[in-house]
Structure formats: structure tokens, C-alpha cells
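Novice: Structure supplied as protein-v7.pdb; contents: PDB, C-alpha atoms and all ligand atoms.
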```pdb
ATOM      1  CA  MET A   1     -19.015  20.062  27.517  1.00  0.00           C
ATOM      2  CA  ILE A   2     -18.097  16.598  26.237  1.00  0.00           C
ATOM      3  CA  VAL A   3     -18.493  13.383  28.249  1.00  0.00           C
ATOM      4  CA  LYS A   4     -16.620  10.178  27.450  1.00  0.00           C
ATOM      5  CA  THR A   5     -17.396   6.991  29.356  1.00  0.00           C
ATOM      6  CA  TYR A   6     -14.865   4.300  30.251  1.00  0.00           C
ATOM      7  CA  ILE A   7     -15.943   1.052  31.887  1.00  0.00           C
ATOM      8  CA  ALA A   8     -13.151   0.146  34.261  1.00  0.00           C
ATOM      9  CA  GLY A   9     -12.032  -1.798  37.313  1.00  0.00           C
ATOM     10  CA  PRO A  10     -12.874  -5.154  38.866  1.00  0.00           C
ATOM     11  CA  ILE A  11     -16.644  -4.708  38.799  1.00  0.00           C
ATOM     12  CA  GLN A  12     -17.201  -2.585  35.707  1.00  0.00           C
ATOM     13  CA  ALA A  13     -17.735   0.904  37.065  1.00  0.00           C
ATOM     14  CA  ASN A  14     -18.178   3.918  34.804  1.00  0.00           C
ATOM     15  CA  ASN A  15     -15.343   6.431  34.834  1.00  0.00           C
ATOM     16  CA  TYR A  16     -16.187   9.704  33.086  1.00  0.00           C
ATOM     17  CA  LEU A  17     -13.868  12.109  31.357  1.00  0.00           C
ATOM     18  CA  VAL A  18     -15.608  15.490  31.125  1.00  0.00           C
ATOM     19  CA  TYR A  19     -13.979  18.253  29.115  1.00  0.00           C
ATOM     20  CA  ASP A  20     -14.335  21.583  27.393  1.00  0.00           C
ATOM     21  CA  GLU A  21     -13.148  21.423  23.794  1.00  0.00           C
ATOM     22  CA  THR A  22     -12.012  25.036  23.601  1.00  0.00           C
ATOM     23  CA  SER A  23     -10.003  25.417  26.793  1.00  0.00           C
ATOM     24  CA  LYS A  24      -9.036  21.698  26.955  1.00  0.00           C
ATOM     25  CA  GLU A  25      -9.782  21.726  30.667  1.00  0.00           C
ATOM     26  CA  ALA A  26     -10.996  18.370  31.948  1.00  0.00           C
ATOM     27  CA  VAL A  27     -12.072  16.481  35.035  1.00  0.00           C
ATOM     28  CA  LEU A  28     -12.042  12.739  35.653  1.00  0.00           C
ATOM     29  CA  ILE A  29     -15.002  11.455  37.653  1.00  0.00           C
ATOM     30  CA  ASP A  30     -14.248   8.205  39.489  1.00  0.00           C
ATOM     31  CA  CYS A  31     -11.099   6.257  38.944  1.00  0.00           C
ATOM     32  CA  SER A  32     -11.402   2.475  38.988  1.00  0.00           C
ATOM     33  CA  GLU A  33      -8.072   1.516  37.422  1.00  0.00           C
ATOM     34  CA  LYS A  34      -5.098   2.865  35.491  1.00  0.00           C
ATOM     35  CA  LYS A  35      -6.810   2.694  32.115  1.00  0.00           C
ATOM     36  CA  GLN A  36      -4.501   3.053  29.122  1.00  0.00           C
ATOM     37  CA  GLU A  37      -7.305   3.938  26.684  1.00  0.00           C
ATOM     38  CA  LEU A  38      -8.251   6.853  28.939  1.00  0.00           C
ATOM     39  CA  LEU A  39      -4.649   8.042  29.244  1.00  0.00           C
ATOM     40  CA  ASP A  40      -4.215   7.815  25.453  1.00  0.00           C
ATOM     41  CA  ASP A  41      -7.382   9.863  24.860  1.00  0.00           C
ATOM     42  CA  ILE A  42      -6.267  12.542  27.315  1.00  0.00           C
ATOM     43  CA  LYS A  43      -2.917  12.774  25.539  1.00  0.00           C
ATOM     44  CA  ASN A  44      -4.342  12.709  22.015  1.00  0.00           C
ATOM     45  CA  LEU A  45      -6.993  15.323  22.813  1.00  0.00           C
ATOM     46  CA  GLY A  46      -4.382  17.509  24.542  1.00  0.00           C
ATOM     47  CA  LEU A  47      -6.465  17.748  27.723  1.00  0.00           C
ATOM     48  CA  ASN A  48      -5.428  19.206  31.056  1.00  0.00           C
ATOM     49  CA  VAL A  49      -7.115  17.137  33.771  1.00  0.00           C
ATOM     50  CA  LYS A  50      -7.519  19.550  36.688  1.00  0.00           C
ATOM     51  CA  TYR A  51      -8.983  17.171  39.250  1.00  0.00           C
ATOM     52  CA  ILE A  52     -10.025  13.600  39.865  1.00  0.00           C
ATOM     53  CA  LEU A  53     -13.391  13.817  41.621  1.00  0.00           C
ATOM     54  CA  LEU A  54     -14.701  10.713  43.374  1.00  0.00           C
ATOM     55  CA  THR A  55     -18.408  10.115  43.900  1.00  0.00           C
ATOM     56  CA  HIS A  56     -17.710   7.947  46.956  1.00  0.00           C
ATOM     57  CA  GLY A  57     -15.014   5.832  48.573  1.00  0.00           C
ATOM     58  CA  HIS A  58     -15.925   2.309  47.414  1.00  0.00           C
ATOM     59  CA  PHE A  59     -13.035   0.330  45.978  1.00  0.00           C
ATOM     60  CA  ASP A  60     -14.571  -0.135  42.544  1.00  0.00           C
ATOM     61  CA  HIS A  61     -14.561   3.677  42.087  1.00  0.00           C
ATOM     62  CA  VAL A  62     -11.200   4.560  43.659  1.00  0.00           C
ATOM     63  CA  LEU A  63      -8.747   1.710  42.985  1.00  0.00           C
ATOM     64  CA  GLY A  64      -6.880   3.501  40.202  1.00  0.00           C
ATOM     65  CA  VAL A  65      -6.570   6.781  41.992  1.00  0.00           C
ATOM     66  CA  ASN A  66      -2.920   6.732  43.030  1.00  0.00           C
ATOM     67  CA  ASP A  67      -1.633   5.570  39.636  1.00  0.00           C
ATOM     68  CA  MET A  68      -3.802   8.063  37.766  1.00  0.00           C
ATOM     69  CA  GLN A  69      -2.858  10.920  40.095  1.00  0.00           C
ATOM     70  CA  LYS A  70       0.767  10.305  39.200  1.00  0.00           C
ATOM     71  CA  GLU A  71       0.072   9.982  35.466  1.00  0.00           C
ATOM     72  CA  LEU A  72      -2.090  13.104  35.300  1.00  0.00           C
ATOM     73  CA  ASN A  73      -0.462  15.164  38.025  1.00  0.00           C
ATOM     74  CA  ALA A  74      -3.942  16.018  39.304  1.00  0.00           C
ATOM     75  CA  PRO A  75      -5.263  15.922  42.876  1.00  0.00           C
ATOM     76  CA  ALA A  76      -8.015  13.425  43.772  1.00  0.00           C
ATOM     77  CA  TYR A  77     -10.887  14.433  46.063  1.00  0.00           C
ATOM     78  CA  VAL A  78     -13.366  12.401  48.086  1.00  0.00           C
ATOM     79  CA  ASP A  79     -15.841  13.442  50.771  1.00  0.00           C
ATOM     80  CA  ARG A  80     -14.173  13.207  54.190  1.00  0.00           C
ATOM     81  CA  LEU A  81     -16.981  10.960  55.497  1.00  0.00           C
ATOM     82  CA  ASP A  82     -15.877   8.231  53.092  1.00  0.00           C
ATOM     83  CA  ILE A  83     -12.308   7.998  54.410  1.00  0.00           C
ATOM     84  CA  PRO A  84     -13.207   4.782  56.307  1.00  0.00           C
ATOM     85  CA  GLN A  85     -14.310   3.207  53.010  1.00  0.00           C
ATOM     86  CA  VAL A  86     -10.983   4.059  51.368  1.00  0.00           C
ATOM     87  CA  GLU A  87      -8.943   2.959  54.384  1.00  0.00           C
ATOM     88  CA  ASN A  88     -10.748  -0.395  54.448  1.00  0.00           C
ATOM     89  CA  THR A  89     -10.386  -1.111  50.733  1.00  0.00           C
ATOM     90  CA  SER A  90      -8.329  -4.334  51.126  1.00  0.00           C
ATOM     91  CA  ALA A  91     -10.656  -5.738  53.786  1.00  0.00           C
ATOM     92  CA  ILE A  92     -13.804  -4.867  51.818  1.00  0.00           C
ATOM     93  CA  MET A  93     -12.329  -6.336  48.635  1.00  0.00           C
ATOM     94  CA  ALA A  94     -11.316  -9.532  50.436  1.00  0.00           C
ATOM     95  CA  ALA A  95     -15.006  -9.966  51.270  1.00  0.00           C
ATOM     96  CA  PHE A  96     -15.661  -9.808  47.505  1.00  0.00           C
ATOM     97  CA  GLY A  97     -12.908 -12.423  46.950  1.00  0.00           C
ATOM     98  CA  ILE A  98     -10.493  -9.942  45.348  1.00  0.00           C
ATOM     99  CA  GLN A  99      -6.911  -9.444  46.601  1.00  0.00           C
ATOM    100  CA  VAL A 100      -5.298  -6.014  46.582  1.00  0.00           C
ATOM    101  CA  ALA A 101      -1.777  -5.105  47.683  1.00  0.00           C
ATOM    102  CA  LYS A 102      -2.511  -1.834  49.478  1.00  0.00           C
ATOM    103  CA  ASN A 103      -5.260   0.664  50.166  1.00  0.00           C
ATOM    104  CA  PRO A 104      -5.465   3.772  47.987  1.00  0.00           C
ATOM    105  CA  GLU A 105      -4.379   7.004  49.651  1.00  0.00           C
ATOM    106  CA  ILE A 106      -6.567  10.056  49.143  1.00  0.00           C
ATOM    107  CA  THR A 107      -5.336  13.318  50.617  1.00  0.00           C
ATOM    108  CA  HIS A 108      -7.809  15.930  49.323  1.00  0.00           C
ATOM    109  CA  PHE A 109     -11.337  16.334  50.633  1.00  0.00           C
ATOM    110  CA  LEU A 110     -14.422  17.970  49.184  1.00  0.00           C
ATOM    111  CA  ASP A 111     -15.327  19.880  52.326  1.00  0.00           C
ATOM    112  CA  GLU A 112     -12.465  22.335  52.051  1.00  0.00           C
ATOM    113  CA  ASN A 113     -14.587  24.968  50.326  1.00  0.00           C
ATOM    114  CA  GLU A 114     -12.685  24.715  47.100  1.00  0.00           C
ATOM    115  CA  ASN A 115     -14.369  26.121  44.016  1.00  0.00           C
ATOM    116  CA  PHE A 116     -14.193  23.475  41.269  1.00  0.00           C
ATOM    117  CA  THR A 117     -14.549  24.591  37.632  1.00  0.00           C
ATOM    118  CA  ILE A 118     -14.029  23.420  34.073  1.00  0.00           C
ATOM    119  CA  ALA A 119     -13.320  26.428  31.890  1.00  0.00           C
ATOM    120  CA  ASP A 120     -15.824  28.920  33.369  1.00  0.00           C
ATOM    121  CA  THR A 121     -18.363  26.296  34.351  1.00  0.00           C
ATOM    122  CA  LYS A 122     -18.884  25.578  38.023  1.00  0.00           C
ATOM    123  CA  ILE A 123     -18.903  21.975  39.207  1.00  0.00           C
ATOM    124  CA  ASN A 124     -21.671  21.750  41.812  1.00  0.00           C
ATOM    125  CA  ILE A 125     -21.244  19.197  44.560  1.00  0.00           C
ATOM    126  CA  LEU A 126     -24.511  17.693  45.802  1.00  0.00           C
ATOM    127  CA  LYS A 127     -24.275  15.730  49.042  1.00  0.00           C
ATOM    128  CA  THR A 128     -26.338  12.566  48.632  1.00  0.00           C
ATOM    129  CA  PRO A 129     -25.680  10.194  51.551  1.00  0.00           C
ATOM    130  CA  GLY A 130     -27.318   6.778  51.645  1.00  0.00           C
ATOM    131  CA  HIS A 131     -25.215   4.414  49.538  1.00  0.00           C
ATOM    132  CA  THR A 132     -22.305   5.601  51.696  1.00  0.00           C
ATOM    133  CA  GLU A 133     -22.157   8.393  54.293  1.00  0.00           C
ATOM    134  CA  GLY A 134     -19.943  10.553  52.096  1.00  0.00           C
ATOM    135  CA  GLY A 135     -21.585   9.901  48.740  1.00  0.00           C
ATOM    136  CA  VAL A 136     -21.890  12.934  46.452  1.00  0.00           C
ATOM    137  CA  CYS A 137     -23.135  13.721  42.962  1.00  0.00           C
ATOM    138  CA  TYR A 138     -21.492  16.252  40.661  1.00  0.00           C
ATOM    139  CA  LEU A 139     -23.633  18.568  38.535  1.00  0.00           C
ATOM    140  CA  ILE A 140     -21.879  20.167  35.562  1.00  0.00           C
ATOM    141  CA  ASP A 141     -24.212  22.206  33.324  1.00  0.00           C
ATOM    142  CA  ASP A 142     -27.052  19.812  32.472  1.00  0.00           C
ATOM    143  CA  LYS A 143     -25.123  16.664  33.336  1.00  0.00           C
ATOM    144  CA  LEU A 144     -25.341  14.859  36.660  1.00  0.00           C
ATOM    145  CA  PHE A 145     -22.721  12.309  37.702  1.00  0.00           C
ATOM    146  CA  SER A 146     -24.627  10.281  40.249  1.00  0.00           C
ATOM    147  CA  GLY A 147     -22.152   7.612  41.397  1.00  0.00           C
ATOM    148  CA  ASP A 148     -24.009   4.748  43.085  1.00  0.00           C
ATOM    149  CA  THR A 149     -26.792   7.005  44.398  1.00  0.00           C
ATOM    150  CA  LEU A 150     -29.035   6.762  41.321  1.00  0.00           C
ATOM    151  CA  PHE A 151     -28.924   4.267  38.443  1.00  0.00           C
ATOM    152  CA  CYS A 152     -31.167   3.838  35.412  1.00  0.00           C
ATOM    153  CA  GLU A 153     -34.346   2.359  36.972  1.00  0.00           C
ATOM    154  CA  SER A 154     -32.504   1.519  40.190  1.00  0.00           C
ATOM    155  CA  VAL A 155     -30.405   2.844  43.075  1.00  0.00           C
ATOM    156  CA  GLY A 156     -27.201   1.773  44.804  1.00  0.00           C
ATOM    157  CA  ARG A 157     -27.252  -0.925  47.476  1.00  0.00           C
ATOM    158  CA  THR A 158     -27.524   0.172  51.089  1.00  0.00           C
ATOM    159  CA  ASP A 159     -26.465  -3.046  52.848  1.00  0.00           C
ATOM    160  CA  LEU A 160     -22.739  -2.245  52.952  1.00  0.00           C
ATOM    161  CA  MET A 161     -20.834  -0.248  55.633  1.00  0.00           C
ATOM    162  CA  GLY A 162     -22.393   3.210  56.030  1.00  0.00           C
ATOM    163  CA  GLY A 163     -25.410   2.382  53.871  1.00  0.00           C
ATOM    164  CA  ASP A 164     -28.876   3.638  54.858  1.00  0.00           C
ATOM    165  CA  PHE A 165     -31.907   3.245  52.583  1.00  0.00           C
ATOM    166  CA  ASN A 166     -33.922   6.022  54.238  1.00  0.00           C
ATOM    167  CA  LYS A 167     -31.083   8.468  53.682  1.00  0.00           C
ATOM    168  CA  LEU A 168     -30.662   7.308  50.099  1.00  0.00           C
ATOM    169  CA  HIS A 169     -34.383   7.731  49.439  1.00  0.00           C
ATOM    170  CA  LYS A 170     -34.270  11.243  50.895  1.00  0.00           C
ATOM    171  CA  SER A 171     -31.204  12.136  48.818  1.00  0.00           C
ATOM    172  CA  VAL A 172     -32.860  10.982  45.601  1.00  0.00           C
ATOM    173  CA  VAL A 173     -36.290  12.508  46.234  1.00  0.00           C
ATOM    174  CA  GLU A 174     -35.284  15.759  47.922  1.00  0.00           C
ATOM    175  CA  VAL A 175     -32.031  16.519  46.116  1.00  0.00           C
ATOM    176  CA  LEU A 176     -31.899  14.792  42.731  1.00  0.00           C
ATOM    177  CA  PHE A 177     -35.607  14.788  41.833  1.00  0.00           C
ATOM    178  CA  ASN A 178     -35.722  18.534  42.433  1.00  0.00           C
ATOM    179  CA  LEU A 179     -33.323  19.067  39.544  1.00  0.00           C
ATOM    180  CA  ASP A 180     -34.472  19.925  36.036  1.00  0.00           C
ATOM    181  CA  GLU A 181     -36.108  16.893  34.370  1.00  0.00           C
ATOM    182  CA  ASP A 182     -33.997  17.293  31.231  1.00  0.00           C
ATOM    183  CA  ILE A 183     -30.741  16.716  33.094  1.00  0.00           C
ATOM    184  CA  THR A 184     -28.826  13.676  31.856  1.00  0.00           C
ATOM    185  CA  VAL A 185     -27.770  11.309  34.622  1.00  0.00           C
ATOM    186  CA  TYR A 186     -24.457   9.486  34.266  1.00  0.00           C
ATOM    187  CA  PRO A 187     -24.416   6.767  36.944  1.00  0.00           C
ATOM    188  CA  GLY A 188     -21.565   4.820  38.500  1.00  0.00           C
ATOM    189  CA  HIS A 189     -22.713   1.631  36.789  1.00  0.00           C
ATOM    190  CA  GLY A 190     -24.876   0.929  33.747  1.00  0.00           C
ATOM    191  CA  PRO A 191     -26.456   3.185  31.108  1.00  0.00           C
ATOM    192  CA  SER A 192     -27.218   6.880  31.360  1.00  0.00           C
ATOM    193  CA  THR A 193     -30.738   8.177  31.987  1.00  0.00           C
ATOM    194  CA  THR A 194     -32.502  11.469  32.792  1.00  0.00           C
ATOM    195  CA  ILE A 195     -34.047  12.919  35.946  1.00  0.00           C
ATOM    196  CA  GLY A 196     -37.460  13.028  34.243  1.00  0.00           C
ATOM    197  CA  TYR A 197     -37.271   9.369  33.176  1.00  0.00           C
ATOM    198  CA  GLU A 198     -36.286   8.257  36.700  1.00  0.00           C
ATOM    199  CA  LYS A 199     -39.099  10.250  38.301  1.00  0.00           C
ATOM    200  CA  LYS A 200     -41.551   8.283  36.172  1.00  0.00           C
ATOM    201  CA  ASN A 201     -39.887   4.873  35.998  1.00  0.00           C
ATOM    202  CA  ASN A 202     -37.659   4.275  39.022  1.00  0.00           C
ATOM    203  CA  GLU A 203     -39.720   1.753  40.975  1.00  0.00           C
ATOM    204  CA  ILE A 204     -37.312   1.536  43.910  1.00  0.00           C
ATOM    205  CA  ILE A 205     -37.897   5.166  44.793  1.00  0.00           C
ATOM    206  CA  HIS A 206     -41.648   5.609  45.432  1.00  0.00           C
ATOM    207  CA  PHE A 207     -42.353   9.156  46.412  1.00  0.00           C
TER     208      PHE A 207
HETATM  209 ZN    ZN B 301     -20.459   2.003  45.659  1.00  0.00          ZN
END
```
Please, can you express the file's structure as C-alpha cells?

Specialist:
Amino acid sequence: MIVKTYIAGPIQANNYLVYDETSKEAVLIDCSEKKQELLDDIKNLGLNVKYILLTHGHFDHVLGVNDMQKELNAPAYVDRLDIPQVENTSAIMAAFGIQVAKNPEITHFLDENENFTIADTKINILKTPGHTEGGVCYLIDDKLFSGDTLFCESVGRTDLMGGDFNKLHKSVVEVLFNLDEDITVYPGHGPSTTIGYEKKNNEIIHF
């Protein structure tokens, strides 16, 4: 499984293109803008993007979703609990001093019992509330896409709508830190890390 990282959107979020070289099946994780470099790579590599999977509903991870859905002809999914985040995109962005014409529309939800795969590999959805109510991480083989739940030596903020530090702490310690230590973590912002490294070095999560 190959992972390519694209830094995109108004506050530099990581969007990840994950694909299987043999079958050409791919998934896009988070979608911050209509990014031409990403579209060119998908075309040049001959990939079939099956889904756009969102780690949570914050604007910096979902702003490109409607344009990219059209370009890729792929459905975009978010956890139902983060609908209020998506529906309040313009208002939340105004608080950050950024204007946006209209809120993204997301019509597919992760809680519909759908079985997500790339080639024959299952995409596991781990519910990790705390940064937002509907925050999730995606585990594909030995790669974890952690959104704004876990960063390299840090975690996502919990002072925005739906944030709760105790829940975030629980999600990291009880869900993520129970995963294999060799798993590579690809966060929503900043460099990648591993579960083992974060267990030793993440000073925000004392456990
Ligand atoms: Zn966020």
C-alpha cells in the first residue's frame, strides 16, 4: 500500500492518497481543497478512487469535498456526529477570519455499516471522539490516519465546538495506544510518527 501526502487548504492540513499499485484502487483521506497536483497524480497513476474518507468535519479537512467528489466521481463519508461541524463551516471559518461562499454538503455517513476496502485490504474505522464528537481514525494495514486526534508529540485542540479533552485522552490511550507500536501514524497536520514513539514521547497524553 502506497501513501502520498498533499498539504492542502487554508491551514495546511495533510490529505492522503492511499493506493494499491496492482489493482489501482485508491482512497483519499481528508479533502481540504481541489488540489490539481493530486488530481494529476491520480490521472497519471491510473488510479480509481473508491471513496473520500473524512477524519472529522472541520473545515480545514472538508472544504474541497464537493469539487473533488465531482472530479473523482467518488462518495465522501464523514461520521454522522460531525454533521454540525460541516453545516457550520462558514460560521466557524468566519471566526478564523476566512470567508467561504457556502458550506460543503456531505451525504454519506460512516455509521451505515458499509465495508470499506482497498483491493482486498479492509479499512478499519476507529471511533476516537475528543477533538470533535465524530472524529475517527482509519487503520489500513500498518498505517493509521489519525486526523486531529493524534499528532507527532501532540494532540488536536479540544477548545472548539464538540471538543472534550477527557474523551480525547481516552481515545488516544484506550484505542490508539493499544495498537501495534510499529504502526505508522499519518496525522491531519505535521509529520508522521509511530504509535511506539508517541507512547514514549507524547507529553500531552500522560497515561
Ligand atoms: Zn480539526

Novice: Would you compute the distance between CA of Gln36 in chain A and CA of Thr149 in chain A? Give it in Å to one decimal.

Specialist: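 Spanning CA of Gln36 in chain A to CA of Thr149 in chain A is a straight-line distance of 27.3 Å.
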
Novice: Let me have all residues with an atom within 8 Å of ligand ZN 301 (chain B), counting all atoms listed in the file, laid out as a ChimeraX atom specification.

Specialist: /A:56-61,131-132,147-148,156-157,188

Novice: Can you tell me, as number ranges by chain, what residues are no more than 10 Å from Asp120 in chain A when counting only C-alpha atoms, ignoring any on the same chain fewer than 6 positions away?

Specialist: A: 20, 23, 25

Novice: Once the PyMOL selection byres (((chain A and resi 44-51) around 10) and not hetatm) has been evaluated on this model, what residues remain selected, and can you format them as a ChimeraX atom specification?

Specialist: /A:17-21,23-29,38-43,52-54,69,72-77,116-118

Novice: Just to confirm, what's the straight-line distance from CA of Lys122 in chain A to CA of Cys137 in chain A in Å (one decimal)?

Specialist: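 Separation between CA of Lys122 in chain A and CA of Cys137 in chain A: 13.5 Å.
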
Novice: Could you write out as a list in words the residues that the PyMOL selection byres (((chain A and resi 92) around 12) and not hetatm) matches in the shown file?

Specialist: Gly57, His58, Phe59, Asp60, Pro84, Gln85, Val86, Glu87, Asn88, Thr89, Ser90, Ala91, Met93, Ala94, Ala95, Phe96, Gly97, Ile98, Gln99, Val100, Lys102, Asn103, Leu160 and Met161 of chain A

Novice: Using all atoms listed in the file, which protein or nucleic acid residues come within 9 Å of Leu110 in chain A? Drop anything in the same chain fewer than 3 positions from it, and give the result as JSON, numbers by chain.

Specialist: {"A": [53, 77, 78, 79, 80, 113, 114, 125]}

Novice: From the block I gave, I'd like range 35-45 of chain A written with all heavy atoms, as a PDB file, in the first residue's frame.

Specialist:
```
ATOM      1  N   LYS A  35      -7.211  20.092  -5.329  1.00  0.00           N
ATOM      2  CA  LYS A  35      -5.761  20.214  -5.475  1.00  0.00           C
ATOM      3  C   LYS A  35      -5.347  19.608  -6.822  1.00  0.00           C
ATOM      4  O   LYS A  35      -5.460  18.397  -7.019  1.00  0.00           O
ATOM      5  CB  LYS A  35      -5.095  19.475  -4.309  1.00  0.00           C
ATOM      6  CG  LYS A  35      -3.598  19.593  -4.277  1.00  0.00           C
ATOM      7  CD  LYS A  35      -3.113  20.224  -3.005  1.00  0.00           C
ATOM      8  CE  LYS A  35      -1.609  20.369  -3.013  1.00  0.00           C
ATOM      9  NZ  LYS A  35      -1.180  21.674  -2.518  1.00  0.00           N
ATOM     10  N   GLN A  36      -4.852  20.454  -7.714  1.00  0.00           N
ATOM     11  CA  GLN A  36      -4.551  19.990  -9.068  1.00  0.00           C
ATOM     12  C   GLN A  36      -3.452  18.924  -9.078  1.00  0.00           C
ATOM     13  O   GLN A  36      -3.534  17.943  -9.816  1.00  0.00           O
ATOM     14  CB  GLN A  36      -4.167  21.186  -9.955  1.00  0.00           C
ATOM     15  CG  GLN A  36      -4.214  20.878 -11.445  1.00  0.00           C
ATOM     16  CD  GLN A  36      -5.563  20.314 -11.915  1.00  0.00           C
ATOM     17  OE1 GLN A  36      -6.622  20.855 -11.564  1.00  0.00           O
ATOM     18  NE2 GLN A  36      -5.555  19.209 -12.663  1.00  0.00           N
ATOM     19  N   GLU A  37      -2.438  19.111  -8.249  1.00  0.00           N
ATOM     20  CA  GLU A  37      -1.329  18.139  -8.185  1.00  0.00           C
ATOM     21  C   GLU A  37      -1.858  16.737  -7.835  1.00  0.00           C
ATOM     22  O   GLU A  37      -1.419  15.729  -8.396  1.00  0.00           O
ATOM     23  CB  GLU A  37      -0.357  18.623  -7.096  1.00  0.00           C
ATOM     24  CG  GLU A  37       0.877  17.772  -6.937  1.00  0.00           C
ATOM     25  CD  GLU A  37       1.604  18.082  -5.618  1.00  0.00           C
ATOM     26  OE1 GLU A  37       1.242  19.046  -4.908  1.00  0.00           O
ATOM     27  OE2 GLU A  37       2.542  17.311  -5.305  1.00  0.00           O
ATOM     28  N   LEU A  38      -2.810  16.700  -6.943  1.00  0.00           N
ATOM     29  CA  LEU A  38      -3.421  15.430  -6.526  1.00  0.00           C
ATOM     30  C   LEU A  38      -4.228  14.828  -7.672  1.00  0.00           C
ATOM     31  O   LEU A  38      -4.117  13.630  -7.973  1.00  0.00           O
ATOM     32  CB  LEU A  38      -4.297  15.718  -5.300  1.00  0.00           C
ATOM     33  CG  LEU A  38      -5.175  14.651  -4.675  1.00  0.00           C
ATOM     34  CD1 LEU A  38      -4.379  13.419  -4.288  1.00  0.00           C
ATOM     35  CD2 LEU A  38      -5.851  15.214  -3.433  1.00  0.00           C
ATOM     36  N   LEU A  39      -5.005  15.662  -8.351  1.00  0.00           N
ATOM     37  CA  LEU A  39      -5.796  15.174  -9.488  1.00  0.00           C
ATOM     38  C   LEU A  39      -4.881  14.664 -10.605  1.00  0.00           C
ATOM     39  O   LEU A  39      -5.156  13.635 -11.223  1.00  0.00           O
ATOM     40  CB  LEU A  39      -6.702  16.289 -10.012  1.00  0.00           C
ATOM     41  CG  LEU A  39      -7.875  16.645  -9.087  1.00  0.00           C
ATOM     42  CD1 LEU A  39      -8.538  17.945  -9.522  1.00  0.00           C
ATOM     43  CD2 LEU A  39      -8.893  15.516  -9.052  1.00  0.00           C
ATOM     44  N   ASP A  40      -3.784  15.381 -10.845  1.00  0.00           N
ATOM     45  CA  ASP A  40      -2.832  14.963 -11.892  1.00  0.00           C
ATOM     46  C   ASP A  40      -2.215  13.612 -11.539  1.00  0.00           C
ATOM     47  O   ASP A  40      -2.081  12.740 -12.398  1.00  0.00           O
ATOM     48  CB  ASP A  40      -1.711  16.003 -12.055  1.00  0.00           C
ATOM     49  CG  ASP A  40      -2.234  17.297 -12.680  1.00  0.00           C
ATOM     50  OD1 ASP A  40      -3.354  17.288 -13.227  1.00  0.00           O
ATOM     51  OD2 ASP A  40      -1.510  18.316 -12.594  1.00  0.00           O
ATOM     52  N   ASP A  41      -1.834  13.442 -10.273  1.00  0.00           N
ATOM     53  CA  ASP A  41      -1.232  12.166  -9.843  1.00  0.00           C
ATOM     54  C   ASP A  41      -2.217  11.008 -10.015  1.00  0.00           C
ATOM     55  O   ASP A  41      -1.849   9.936 -10.468  1.00  0.00           O
ATOM     56  CB  ASP A  41      -0.780  12.244  -8.374  1.00  0.00           C
ATOM     57  CG  ASP A  41       0.514  13.042  -8.214  1.00  0.00           C
ATOM     58  OD1 ASP A  41       1.116  13.413  -9.234  1.00  0.00           O
ATOM     59  OD2 ASP A  41       0.898  13.287  -7.059  1.00  0.00           O
ATOM     60  N   ILE A  42      -3.459  11.242  -9.639  1.00  0.00           N
ATOM     61  CA  ILE A  42      -4.480  10.194  -9.753  1.00  0.00           C
ATOM     62  C   ILE A  42      -4.626   9.773 -11.221  1.00  0.00           C
ATOM     63  O   ILE A  42      -4.681   8.588 -11.547  1.00  0.00           O
ATOM     64  CB  ILE A  42      -5.831  10.685  -9.158  1.00  0.00           C
ATOM     65  CG1 ILE A  42      -5.716  10.808  -7.640  1.00  0.00           C
ATOM     66  CG2 ILE A  42      -6.974   9.757  -9.551  1.00  0.00           C
ATOM     67  CD1 ILE A  42      -6.839  11.574  -6.976  1.00  0.00           C
ATOM     68  N   LYS A  43      -4.637  10.781 -12.081  1.00  0.00           N
ATOM     69  CA  LYS A  43      -4.774  10.508 -13.526  1.00  0.00           C
ATOM     70  C   LYS A  43      -3.532   9.787 -14.058  1.00  0.00           C
ATOM     71  O   LYS A  43      -3.635   8.752 -14.723  1.00  0.00           O
ATOM     72  CB  LYS A  43      -4.975  11.845 -14.245  1.00  0.00           C
ATOM     73  CG  LYS A  43      -5.496  11.686 -15.649  1.00  0.00           C
ATOM     74  CD  LYS A  43      -5.848  13.039 -16.249  1.00  0.00           C
ATOM     75  CE  LYS A  43      -6.031  12.857 -17.748  1.00  0.00           C
ATOM     76  NZ  LYS A  43      -5.696  14.075 -18.473  1.00  0.00           N
ATOM     77  N   ASN A  44      -2.365  10.314 -13.729  1.00  0.00           N
ATOM     78  CA  ASN A  44      -1.124   9.742 -14.264  1.00  0.00           C
ATOM     79  C   ASN A  44      -0.862   8.321 -13.755  1.00  0.00           C
ATOM     80  O   ASN A  44      -0.290   7.501 -14.461  1.00  0.00           O
ATOM     81  CB  ASN A  44       0.074  10.651 -13.928  1.00  0.00           C
ATOM     82  CG  ASN A  44      -0.032  11.982 -14.656  1.00  0.00           C
ATOM     83  OD1 ASN A  44      -0.681  12.074 -15.698  1.00  0.00           O
ATOM     84  ND2 ASN A  44       0.577  13.016 -14.100  1.00  0.00           N
ATOM     85  N   LEU A  45      -1.276   8.062 -12.517  1.00  0.00           N
ATOM     86  CA  LEU A  45      -1.074   6.718 -11.952  1.00  0.00           C
ATOM     87  C   LEU A  45      -2.202   5.762 -12.357  1.00  0.00           C
ATOM     88  O   LEU A  45      -2.138   4.572 -12.072  1.00  0.00           O
ATOM     89  CB  LEU A  45      -1.001   6.801 -10.420  1.00  0.00           C
ATOM     90  CG  LEU A  45       0.244   7.497  -9.840  1.00  0.00           C
ATOM     91  CD1 LEU A  45       0.012   7.910  -8.391  1.00  0.00           C
ATOM     92  CD2 LEU A  45       1.457   6.585  -9.944  1.00  0.00           C
TER      93      LEU A  45
END
```
